[in-house]
Amino acid sequence: MQQVQKSQPVHRLDGDCSRLKAYVRDKQAVARQVRAVEHWLKQHSAEDRAGVCHELMVKLAEDRFTLAVVGQFKRGKSSLMNAIIGRELLPTGILPITSAITVLRFGPRERLVISRENWSFDQEAAVSTLPEYVTETGNPGNQKRIKAVYVEFPSPFLRRGLAFVDTPGIGGPVEANTATTYRFIPECDAVLFVTSTDGPLAAAEMEFLERIRQHVRKVFFVVNKMDLLAQAEREDVLHYIAENLSRQSGTEQVRLFPVSSRLALAAKAAGDVVGPVQGGLMALETALAEFLTNQRRATFLAAILDRAEGLLAAEREDEPVERREAIGQLRSAILCGQVTPTAAAYPRPQLDRPQLSPPEAAEPPKPIEESELISDLAARGCPVCQHLSQVLFDFFANWQYSLSSDEAAQRAFAEERGFCPLHTWQLAAISSPQGLSVGYPALLERLSANLSEMAADADASGEAVVHLIGRSASCRACHLLADTERDYTPRLADLLATASGREAYARSQGVCLRHLGPLLAAIQDQDTRRFLLAEAARHFDELVEDMQGFAIKQDATRRYLQNRDETDAYLRALIQVAGQKSLCFPWRLDEGTC
């Protein structure tokens, strides 16, 4: 008898998925704030600061967390990084070594990427040539104008977007190195501040640490070269360093990580699992792992908000002040682990929900001048359709911009459930994928919240789902067209009451059947009504003649005999019967359909 195997337990990742979704939601909220700051700065010609915002968006897109190792020259920063990654990759020595920013990052293969100032393209080289670009011997005072050197290799430590950065030491004989590191500090999300037992916490270090704390929230304090001290001296040195750091920061306790990067690296190279513990590296690595796993994301997002807020620090106008307050609230929520507000607060739509009133749904139409009417009559099609098409195009041009840059517009769009299907696609036709990707998520979050609520309701009906779809009665574009048509028809009727107006109309293509009815209803004079009907009949007769002439000349392969009226007669005929293609008349609001 065949045995039935017991099913294996399913390992669910719901907790991880939940944390990831929360992070993605927070990241999108941060992106909205950064995008708004960039938009405001561009509007006010602050292009340099807007460029910084763009770089912040790049960091968000890449999920690039910058962990830098900083400190005074000759504190063993490069040696510490070598010990952490477990290989002697970065150059070290007795003299000041690092002269340029060196970034360790994940890559599928080992390679060196050199970024130079004022170069359009990066340069690729072998990792073995690294000293030629980042050491005082190979590149004294950064004479080669290296902006940064990237060392890529397949390290698990770097896999999830971590940029592990070695910086030139400050306070050394080469002033350019100190300036390079000071400029780089605002780009850091967290730092390992390295001092050492040989003359710890010099005045330059304390001043540098003060600068770091202005830009960076998370600082790990590392005391290197512990192997140079006798056991009896170690406690005194660590107590001295901790006391000074506590006094400067105003906190009672500062955690120190005493290490010997030299002993730790030697142990790792020899495969000695106990050596890193004795070298003090294990405690630092454990703390880094815990931080990168549990706190990195919040610190990363908060650091980006810090920089975005700083770009508006000097502005005193109402909008920047309100934006800084919004950034502060979002940062507090992220750091406290609170749920970022989403569309979950949207109410579930009711079938008897009142529709939006026209004033809420669209901007009031502009007054129509007589010159506009005369210009519309010159179109090769229905003059009413011509005017409505231009109004609709202008509306979409403005709306797609607002939807991609204005949070208030995005919220209103979501509350109104978007446009009707026709105008949804017409908006998409003139919008960019970027603009739609920024403008539509608020609506989609709202729909997701509505559907989730329905999923928990056993009585949810198909009719309720259909009601989620945007329709003509709540579509801004439909309301705008209806209002414009309602204003346009009486103005055209007034023009036709004049001799000059009738003359211009007789030279035109006439209105389509869809607009002929409302126009006749707006005219009381019987002669004018008969004039319009006679003109409509004449236009249809001429269209028949032109279309048949076109067909005959096509059959006879005598296309050169065709005139303009014949070649576009079929289009003008369709407009006369159904109206202009760009309209298609979905906006019969009294029917509530689209």
# chains A, B, ... in the order shown; residues from 1 in each chain; ligands from 1
call {"tool": "closest_atom_pairs", "arguments": {"of": "stretch 492-545 of chain A", "to": "stretch 371-384 of chain A", "cutoff": "8 Å", "atoms": "only C-alpha atoms", "output": "CSV"}}
result
residue,atom,partner,partner_atom,distance
A:Leu492,CA,A:Leu373,CA,6.8
A:Gly501,CA,A:Ile374,CA,7.9
A:Ala504,CA,A:Leu377,CA,6.8
A:Tyr505,CA,A:Leu377,CA,6.4
A:Arg507,CA,A:Ala378,CA,7.8
A:Ser508,CA,A:Leu377,CA,5.3
A:Gln509,CA,A:Gly381,CA,5.6
A:Gly510,CA,A:Cys382,CA,5.7
A:Val511,CA,A:Cys382,CA,4.4
A:Cys512,CA,A:Cys382,CA,5.4
A:His515,CA,A:Val384,CA,7.1
call {"tool": "write_last_selection", "arguments": {"atoms": "N, CA and C atoms", "output": "JSON list (two decimals), in the first residue's frame"}}
result
[["chain", "number", "residue", "atom", "x", "y", "z"],
["A", 492, "LEU", "N", -23.62, 81.81, -30.73],
["A", 492, "LEU", "CA", -23.72, 81.58, -32.17],
["A", 492, "LEU", "C", -25.10, 81.99, -32.68],
["A", 501, "GLY", "N", -23.30, 87.77, -39.83],
["A", 501, "GLY", "CA", -23.20, 86.44, -39.26],
["A", 501, "GLY", "C", -23.75, 85.38, -40.21],
["A", 504, "ALA", "N", -21.21, 84.80, -43.01],
["A", 504, "ALA", "CA", -20.09, 83.96, -42.58],
["A", 504, "ALA", "C", -20.53, 82.50, -42.47],
["A", 505, "TYR", "N", -21.75, 82.29, -41.97],
["A", 505, "TYR", "CA", -22.25, 80.91, -41.82],
["A", 505, "TYR", "C", -22.43, 80.26, -43.19],
["A", 507, "ARG", "N", -20.73, 80.66, -45.78],
["A", 507, "ARG", "CA", -19.43, 80.26, -46.33],
["A", 507, "ARG", "C", -18.82, 79.09, -45.55],
["A", 508, "SER", "N", -19.42, 78.74, -44.42],
["A", 508, "SER", "CA", -18.85, 77.69, -43.57],
["A", 508, "SER", "C", -19.36, 76.31, -43.96],
["A", 509, "GLN", "N", -18.87, 75.30, -43.26],
["A", 509, "GLN", "CA", -19.33, 73.93, -43.45],
["A", 509, "GLN", "C", -20.64, 73.68, -42.71],
["A", 510, "GLY", "N", -21.05, 74.63, -41.85],
["A", 510, "GLY", "CA", -22.27, 74.45, -41.08],
["A", 510, "GLY", "C", -22.05, 73.56, -39.87],
["A", 511, "VAL", "N", -23.01, 73.61, -38.93],
["A", 511, "VAL", "CA", -22.89, 72.78, -37.73],
["A", 511, "VAL", "C", -23.32, 71.36, -38.03],
["A", 512, "CYS", "N", -22.83, 70.43, -37.24],
["A", 512, "CYS", "CA", -23.21, 69.02, -37.39],
["A", 512, "CYS", "C", -24.63, 68.82, -36.87],
["A", 515, "HIS", "N", -25.28, 69.37, -33.14],
["A", 515, "HIS", "CA", -25.36, 70.73, -32.64],
["A", 515, "HIS", "C", -26.43, 71.56, -33.35]]
call {"tool": "residues_around", "arguments": {"residues": "A:Ile114", "least_positions_apart": "2", "cutoff": "8 Å", "atoms": "only C-alpha atoms", "output": "list in words"}}
result
Leu112, Arg116, Asp122, Gln123, Glu124, Ala125, Ile146, Lys147, Ala148, Val149 and Tyr150 of chain A
call {"tool": "write_last_selection", "arguments": {"atoms": "N, CA and C atoms", "output": "PDB file, in the first residue's frame"}}
result
ATOM      1  N   LEU A 112      36.675  48.247 -11.708  1.00  0.00           N
ATOM      2  CA  LEU A 112      36.876  49.576 -11.165  1.00  0.00           C
ATOM      3  C   LEU A 112      36.223  50.564 -12.127  1.00  0.00           C
ATOM      4  N   ARG A 116      35.326  61.035 -13.286  1.00  0.00           N
ATOM      5  CA  ARG A 116      36.163  62.233 -13.238  1.00  0.00           C
ATOM      6  C   ARG A 116      35.319  63.494 -13.370  1.00  0.00           C
ATOM      7  N   ASP A 122      32.135  57.595 -17.680  1.00  0.00           N
ATOM      8  CA  ASP A 122      33.026  56.994 -16.697  1.00  0.00           C
ATOM      9  C   ASP A 122      34.050  56.101 -17.391  1.00  0.00           C
ATOM     10  N   GLN A 123      35.142  55.873 -16.696  1.00  0.00           N
ATOM     11  CA  GLN A 123      36.234  55.051 -17.209  1.00  0.00           C
ATOM     12  C   GLN A 123      36.264  53.739 -16.443  1.00  0.00           C
ATOM     13  N   GLU A 124      36.510  52.642 -17.118  1.00  0.00           N
ATOM     14  CA  GLU A 124      36.592  51.342 -16.462  1.00  0.00           C
ATOM     15  C   GLU A 124      38.034  50.852 -16.455  1.00  0.00           C
ATOM     16  N   ALA A 125      38.425  50.247 -15.335  1.00  0.00           N
ATOM     17  CA  ALA A 125      39.799  49.758 -15.206  1.00  0.00           C
ATOM     18  C   ALA A 125      39.805  48.522 -14.310  1.00  0.00           C
ATOM     19  N   ILE A 146      39.660  63.296  -9.773  1.00  0.00           N
ATOM     20  CA  ILE A 146      38.768  62.158  -9.601  1.00  0.00           C
ATOM     21  C   ILE A 146      37.574  62.587  -8.740  1.00  0.00           C
ATOM     22  N   LYS A 147      36.371  62.410  -9.251  1.00  0.00           N
ATOM     23  CA  LYS A 147      35.180  62.727  -8.463  1.00  0.00           C
ATOM     24  C   LYS A 147      34.875  61.594  -7.494  1.00  0.00           C
ATOM     25  N   ALA A 148      34.964  60.365  -7.959  1.00  0.00           N
ATOM     26  CA  ALA A 148      34.794  59.184  -7.110  1.00  0.00           C
ATOM     27  C   ALA A 148      35.273  57.969  -7.874  1.00  0.00           C
ATOM     28  N   VAL A 149      35.736  56.974  -7.124  1.00  0.00           N
ATOM     29  CA  VAL A 149      36.137  55.691  -7.718  1.00  0.00           C
ATOM     30  C   VAL A 149      35.249  54.617  -7.116  1.00  0.00           C
ATOM     31  N   TYR A 150      34.653  53.795  -7.980  1.00  0.00           N
ATOM     32  CA  TYR A 150      33.718  52.755  -7.535  1.00  0.00           C
ATOM     33  C   TYR A 150      34.364  51.390  -7.732  1.00  0.00           C
TER      34      TYR A 150
END
call {"tool": "closest_residue", "arguments": {"among": "A:Arg19, A:Glu325, A:Leu543, A:Val134", "to": "A:Ser115", "atoms": "only C-alpha atoms"}}
result
A:Val134
call {"tool": "closest_residue", "arguments": {"among": "A:Glu445, A:Ala536, A:Val438, A:Ser432", "to": "A:Glu415", "atoms": "only C-alpha atoms"}}
result
A:Glu445
call {"tool": "residues_around", "arguments": {"residues": "A:Leu443", "least_positions_apart": "4", "cutoff": "7 Å", "atoms": "only C-alpha atoms", "output": "PyMOL selection string"}}
result
chain A and resi 413-414+417+447
call {"tool": "write_last_selection", "arguments": {"atoms": "N, CA and C atoms", "output": "CSV table (one decimal), in the first residue's frame"}}
result
chain,number,residue,atom,x,y,z
A,413,PHE,N,-8.7,64.3,-8.1
A,413,PHE,CA,-8.9,63.3,-9.2
A,413,PHE,C,-9.3,61.9,-8.6
A,414,ALA,N,-8.7,61.5,-7.5
A,414,ALA,CA,-9.1,60.3,-6.9
A,414,ALA,C,-10.5,60.3,-6.3
A,417,ARG,N,-13.0,59.8,-8.9
A,417,ARG,CA,-12.9,58.6,-9.6
A,417,ARG,C,-12.4,58.8,-11.0
A,447,LEU,N,-9.2,53.1,-5.2
A,447,LEU,CA,-10.0,51.9,-5.7
A,447,LEU,C,-9.6,50.7,-4.9
call {"tool": "select_by_dssp", "arguments": {"residues": "stretch 248-309 of chain A", "states": "helix (DSSP H, G or I)", "output": "PyMOL selection string"}}
result
chain A and resi 248-249+261-269+275-278+281-309
call {"tool": "write_last_selection", "arguments": {"atoms": "C-alpha atoms", "output": "CSV table (one decimal), in the first residue's frame"}}
result
chain,number,residue,atom,x,y,z
A,248,GLN,CA,29.6,67.0,23.2
A,249,SER,CA,26.4,65.2,22.3
A,261,SER,CA,41.4,46.1,12.3
A,262,ARG,CA,44.9,44.7,11.8
A,263,LEU,CA,44.3,41.7,14.0
A,264,ALA,CA,40.7,41.2,12.7
A,265,LEU,CA,41.8,41.2,9.1
A,266,ALA,CA,44.7,38.8,9.7
A,267,ALA,CA,42.3,36.4,11.5
A,268,LYS,CA,39.8,36.5,8.7
A,269,ALA,CA,42.5,35.9,6.1
A,275,GLY,CA,40.2,36.2,15.8
A,276,PRO,CA,37.5,38.8,14.8
A,277,VAL,CA,36.0,38.5,18.2
A,278,GLN,CA,39.4,39.1,19.9
A,281,LEU,CA,35.2,43.4,15.0
A,282,MET,CA,32.4,40.9,15.7
A,283,ALA,CA,30.5,43.3,17.9
A,284,LEU,CA,30.7,46.1,15.3
A,285,GLU,CA,29.6,43.7,12.5
A,286,THR,CA,26.7,42.5,14.6
A,287,ALA,CA,25.6,46.1,15.3
A,288,LEU,CA,25.9,47.0,11.6
A,289,ALA,CA,23.9,43.9,10.6
A,290,GLU,CA,21.1,44.8,13.0
A,291,PHE,CA,21.1,48.4,11.9
A,292,LEU,CA,21.1,47.6,8.2
A,293,THR,CA,18.3,45.0,8.7
A,294,ASN,CA,16.0,46.8,11.0
A,295,GLN,CA,16.8,50.5,11.0
A,296,ARG,CA,18.4,51.3,7.7
A,297,ARG,CA,15.2,52.0,5.8
A,298,ALA,CA,13.8,54.5,8.2
A,299,THR,CA,17.2,56.2,8.5
A,300,PHE,CA,17.6,56.3,4.8
A,301,LEU,CA,14.2,57.9,4.2
A,302,ALA,CA,14.6,60.3,7.0
A,303,ALA,CA,18.0,61.4,5.7
A,304,ILE,CA,16.5,62.2,2.3
A,305,LEU,CA,13.7,64.2,3.9
A,306,ASP,CA,16.4,66.1,5.9
A,307,ARG,CA,18.2,67.1,2.7
A,308,ALA,CA,14.9,68.1,0.9
A,309,GLU,CA,13.9,70.2,3.9
call {"tool": "closest_residue", "arguments": {"among": "A:Asn118, A:Thr498, A:Ser155, A:Gln28", "to": "A:Arg87", "atoms": "only C-alpha atoms"}}
result
A:Ser155
call {"tool": "residues_around", "arguments": {"residues": "stretch 526-532 of chain A", "least_positions_apart": "2", "cutoff": "9 Å", "atoms": "only C-alpha atoms", "output": "ChimeraX atom specification"}}
result
/A:496-497,502,505,510-511,516,519-521,523-524,534-537
call {"tool": "write_last_selection", "arguments": {"atoms": "C-alpha atoms", "output": "tab-separated table (two decimals), in the first residue's frame"}}
result
chain	number	residue	atom	x	y	z
A	496	LEU	CA	-26.82	84.46	-36.87
A	497	ALA	CA	-29.32	87.22	-36.13
A	502	ARG	CA	-25.43	84.73	-41.84
A	505	TYR	CA	-22.25	80.91	-41.82
A	510	GLY	CA	-22.27	74.45	-41.08
A	511	VAL	CA	-22.89	72.78	-37.73
A	516	LEU	CA	-28.01	71.78	-35.15
A	519	LEU	CA	-28.89	75.77	-32.11
A	520	LEU	CA	-32.41	75.73	-33.61
A	521	ALA	CA	-33.87	75.55	-30.10
A	523	ILE	CA	-33.37	80.69	-32.15
A	524	GLN	CA	-36.89	82.15	-32.12
A	534	ALA	CA	-31.73	74.93	-45.84
A	535	GLU	CA	-27.99	75.36	-45.36
A	536	ALA	CA	-27.76	71.95	-43.74
A	537	ALA	CA	-29.57	70.34	-46.66
call {"tool": "atom_distance", "arguments": {"atom1": "atom CA of A:Arg49", "atom2": "atom CA of A:Ser404"}}
result
20.1 Å
call {"tool": "closest_residue", "arguments": {"among": "A:Leu468, A:Leu90, A:Ala551, A:Val30", "to": "A:Lys77", "atoms": "only C-alpha atoms"}}
result
A:Leu90
call {"tool": "select_by_dssp", "arguments": {"residues": "stretch 62-238 of chain A", "states": "strand (DSSP E)", "output": "mmCIF file with N, CA and C atoms, in the first residue's frame"}}
result
data_model
loop_
_atom_site.group_PDB
_atom_site.id
_atom_site.type_symbol
_atom_site.label_atom_id
_atom_site.label_comp_id
_atom_site.auth_asym_id
_atom_site.auth_seq_id
_atom_site.Cartn_x
_atom_site.Cartn_y
_atom_site.Cartn_z
ATOM 1 N N PHE A 65 21.909 53.272 -0.130
ATOM 2 C CA PHE A 65 22.204 53.724 1.228
ATOM 3 C C PHE A 65 23.705 53.924 1.348
ATOM 4 N N THR A 66 24.104 55.137 1.740
ATOM 5 C CA THR A 66 25.519 55.481 1.803
ATOM 6 C C THR A 66 26.019 55.397 3.236
ATOM 7 N N LEU A 67 26.864 54.406 3.495
ATOM 8 C CA LEU A 67 27.507 54.225 4.795
ATOM 9 C C LEU A 67 28.977 54.571 4.619
ATOM 10 N N ALA A 68 29.398 55.680 5.213
ATOM 11 C CA ALA A 68 30.759 56.169 4.998
ATOM 12 C C ALA A 68 31.619 55.962 6.233
ATOM 13 N N VAL A 69 32.882 55.705 6.006
ATOM 14 C CA VAL A 69 33.868 55.609 7.084
ATOM 15 C C VAL A 69 34.658 56.911 7.069
ATOM 16 N N VAL A 70 34.601 57.647 8.187
ATOM 17 C CA VAL A 70 35.183 58.986 8.221
ATOM 18 C C VAL A 70 36.054 59.131 9.475
ATOM 19 N N GLY A 71 36.900 60.136 9.439
ATOM 20 C CA GLY A 71 37.732 60.417 10.602
ATOM 21 C C GLY A 71 38.990 61.169 10.215
ATOM 22 N N THR A 102 36.281 56.788 -2.321
ATOM 23 C CA THR A 102 36.298 55.417 -2.840
ATOM 24 C C THR A 102 35.038 54.703 -2.371
ATOM 25 N N VAL A 103 34.239 54.218 -3.310
ATOM 26 C CA VAL A 103 32.945 53.613 -2.995
ATOM 27 C C VAL A 103 32.973 52.132 -3.332
ATOM 28 N N LEU A 104 32.732 51.312 -2.325
ATOM 29 C CA LEU A 104 32.584 49.878 -2.558
ATOM 30 C C LEU A 104 31.093 49.602 -2.775
ATOM 31 N N ARG A 105 30.752 48.959 -3.874
ATOM 32 C CA ARG A 105 29.357 48.641 -4.144
ATOM 33 C C ARG A 105 29.255 47.293 -4.846
ATOM 34 N N PHE A 106 28.056 46.743 -4.801
ATOM 35 C CA PHE A 106 27.855 45.399 -5.357
ATOM 36 C C PHE A 106 27.922 45.431 -6.881
ATOM 37 N N ARG A 111 35.332 45.001 -10.889
ATOM 38 C CA ARG A 111 35.810 46.017 -11.827
ATOM 39 C C ARG A 111 35.942 47.343 -11.094
ATOM 40 N N LEU A 112 36.675 48.247 -11.708
ATOM 41 C CA LEU A 112 36.876 49.576 -11.165
ATOM 42 C C LEU A 112 36.223 50.564 -12.127
ATOM 43 N N VAL A 113 35.414 51.475 -11.589
ATOM 44 C CA VAL A 113 34.764 52.506 -12.401
ATOM 45 C C VAL A 113 35.218 53.856 -11.878
ATOM 46 N N ILE A 114 35.855 54.653 -12.747
ATOM 47 C CA ILE A 114 36.409 55.940 -12.340
ATOM 48 C C ILE A 114 35.532 57.060 -12.893
ATOM 49 N N SER A 115 35.045 57.898 -11.994
ATOM 50 C CA SER A 115 34.246 59.063 -12.382
ATOM 51 C C SER A 115 35.097 60.307 -12.191
ATOM 52 N N ARG A 116 35.326 61.035 -13.286
ATOM 53 C CA ARG A 116 36.163 62.233 -13.238
ATOM 54 C C ARG A 116 35.319 63.494 -13.370
ATOM 55 N N GLN A 123 35.142 55.873 -16.696
ATOM 56 C CA GLN A 123 36.234 55.051 -17.209
ATOM 57 C C GLN A 123 36.264 53.739 -16.443
ATOM 58 N N GLU A 124 36.510 52.642 -17.118
ATOM 59 C CA GLU A 124 36.592 51.342 -16.462
ATOM 60 C C GLU A 124 38.034 50.852 -16.455
ATOM 61 N N ALA A 125 38.425 50.247 -15.335
ATOM 62 C CA ALA A 125 39.799 49.758 -15.206
ATOM 63 C C ALA A 125 39.805 48.522 -14.310
ATOM 64 N N ILE A 146 39.660 63.296 -9.773
ATOM 65 C CA ILE A 146 38.768 62.158 -9.601
ATOM 66 C C ILE A 146 37.574 62.587 -8.740
ATOM 67 N N LYS A 147 36.371 62.410 -9.251
ATOM 68 C CA LYS A 147 35.180 62.727 -8.463
ATOM 69 C C LYS A 147 34.875 61.594 -7.494
ATOM 70 N N ALA A 148 34.964 60.365 -7.959
ATOM 71 C CA ALA A 148 34.794 59.184 -7.110
ATOM 72 C C ALA A 148 35.273 57.969 -7.874
ATOM 73 N N VAL A 149 35.736 56.974 -7.124
ATOM 74 C CA VAL A 149 36.137 55.691 -7.718
ATOM 75 C C VAL A 149 35.249 54.617 -7.116
ATOM 76 N N TYR A 150 34.653 53.795 -7.980
ATOM 77 C CA TYR A 150 33.718 52.755 -7.535
ATOM 78 C C TYR A 150 34.364 51.390 -7.732
ATOM 79 N N VAL A 151 34.470 50.652 -6.643
ATOM 80 C CA VAL A 151 34.989 49.291 -6.697
ATOM 81 C C VAL A 151 33.797 48.344 -6.605
ATOM 82 N N GLU A 152 33.527 47.631 -7.680
ATOM 83 C CA GLU A 152 32.381 46.720 -7.719
ATOM 84 C C GLU A 152 32.867 45.280 -7.586
ATOM 85 N N PHE A 153 32.207 44.534 -6.737
ATOM 86 C CA PHE A 153 32.508 43.109 -6.612
ATOM 87 C C PHE A 153 31.321 42.424 -5.927
ATOM 88 N N LEU A 162 23.825 48.883 -0.762
ATOM 89 C CA LEU A 162 24.701 49.577 0.185
ATOM 90 C C LEU A 162 25.931 50.112 -0.544
ATOM 91 N N ALA A 163 26.199 51.393 -0.352
ATOM 92 C CA ALA A 163 27.440 52.004 -0.829
ATOM 93 C C ALA A 163 28.327 52.222 0.390
ATOM 94 N N PHE A 164 29.411 51.463 0.478
ATOM 95 C CA PHE A 164 30.333 51.500 1.611
ATOM 96 C C PHE A 164 31.506 52.376 1.185
ATOM 97 N N VAL A 165 31.689 53.524 1.830
ATOM 98 C CA VAL A 165 32.539 54.583 1.294
ATOM 99 C C VAL A 165 33.737 54.853 2.189
ATOM 100 N N ASP A 166 34.898 54.898 1.551
ATOM 101 C CA ASP A 166 36.137 55.305 2.219
ATOM 102 C C ASP A 166 36.396 56.762 1.841
ATOM 103 N N ALA A 190 24.578 57.325 6.947
ATOM 104 C CA ALA A 190 25.105 56.916 8.251
ATOM 105 C C ALA A 190 26.627 56.874 8.122
ATOM 106 N N VAL A 191 27.316 56.992 9.257
ATOM 107 C CA VAL A 191 28.780 56.988 9.191
ATOM 108 C C VAL A 191 29.363 56.139 10.304
ATOM 109 N N LEU A 192 30.552 55.602 10.016
ATOM 110 C CA LEU A 192 31.413 55.020 11.032
ATOM 111 C C LEU A 192 32.489 56.054 11.316
ATOM 112 N N PHE A 193 32.414 56.673 12.492
ATOM 113 C CA PHE A 193 33.400 57.682 12.875
ATOM 114 C C PHE A 193 34.548 56.967 13.573
ATOM 115 N N VAL A 194 35.727 57.037 12.954
ATOM 116 C CA VAL A 194 36.871 56.259 13.437
ATOM 117 C C VAL A 194 37.884 57.180 14.100
ATOM 118 N N THR A 195 38.148 56.915 15.363
ATOM 119 C CA THR A 195 39.291 57.507 16.039
ATOM 120 C C THR A 195 40.221 56.351 16.417
ATOM 121 N N SER A 196 41.282 56.613 17.122
ATOM 122 C CA SER A 196 42.198 55.517 17.475
ATOM 123 C C SER A 196 42.876 55.815 18.801
ATOM 124 N N LYS A 218 22.689 58.791 12.067
ATOM 125 C CA LYS A 218 23.237 57.592 12.694
ATOM 126 C C LYS A 218 24.754 57.587 12.609
ATOM 127 N N VAL A 219 25.421 57.543 13.781
ATOM 128 C CA VAL A 219 26.875 57.528 13.842
ATOM 129 C C VAL A 219 27.320 56.342 14.704
ATOM 130 N N PHE A 220 28.191 55.500 14.151
ATOM 131 C CA PHE A 220 28.845 54.433 14.908
ATOM 132 C C PHE A 220 30.240 54.939 15.298
ATOM 133 N N PHE A 221 30.561 54.848 16.571
ATOM 134 C CA PHE A 221 31.859 55.327 17.062
ATOM 135 C C PHE A 221 32.815 54.145 17.208
ATOM 136 N N VAL A 222 33.881 54.174 16.417
ATOM 137 C CA VAL A 222 34.854 53.083 16.387
ATOM 138 C C VAL A 222 36.191 53.596 16.921
ATOM 139 N N VAL A 223 36.743 52.861 17.854
ATOM 140 C CA VAL A 223 38.080 53.173 18.377
ATOM 141 C C VAL A 223 39.031 52.108 17.847
ATOM 142 N N ASN A 224 39.878 52.491 16.924
ATOM 143 C CA ASN A 224 40.752 51.535 16.239
ATOM 144 C C ASN A 224 42.122 51.457 16.925
#
call {"tool": "atom_distance", "arguments": {"atom1": "atom CA of A:Ser500", "atom2": "atom CA of A:Gln390"}}
result
24.3 Å
call {"tool": "closest_residue", "arguments": {"among": "A:Ala412, A:Pro91, A:Arg331, A:Tyr570", "to": "A:Thr129", "atoms": "only C-alpha atoms"}}
result
A:Pro91
call {"tool": "closest_residue", "arguments": {"among": "A:Ser332, A:Ser474, A:Gln253, A:Gln400", "to": "A:Ala428", "atoms": "only C-alpha atoms"}}
result
A:Gln400
call {"tool": "atom_distance", "arguments": {"atom1": "atom CA of A:Ala242", "atom2": "atom CA of A:Pro173"}}
result
27.6 Å
call {"tool": "residues_around", "arguments": {"residues": "A:Ala176", "least_positions_apart": "2", "cutoff": "9 Å", "atoms": "only C-alpha atoms", "output": "PyMOL selection string"}}
result
chain A and resi 99+141-142+174+178-181
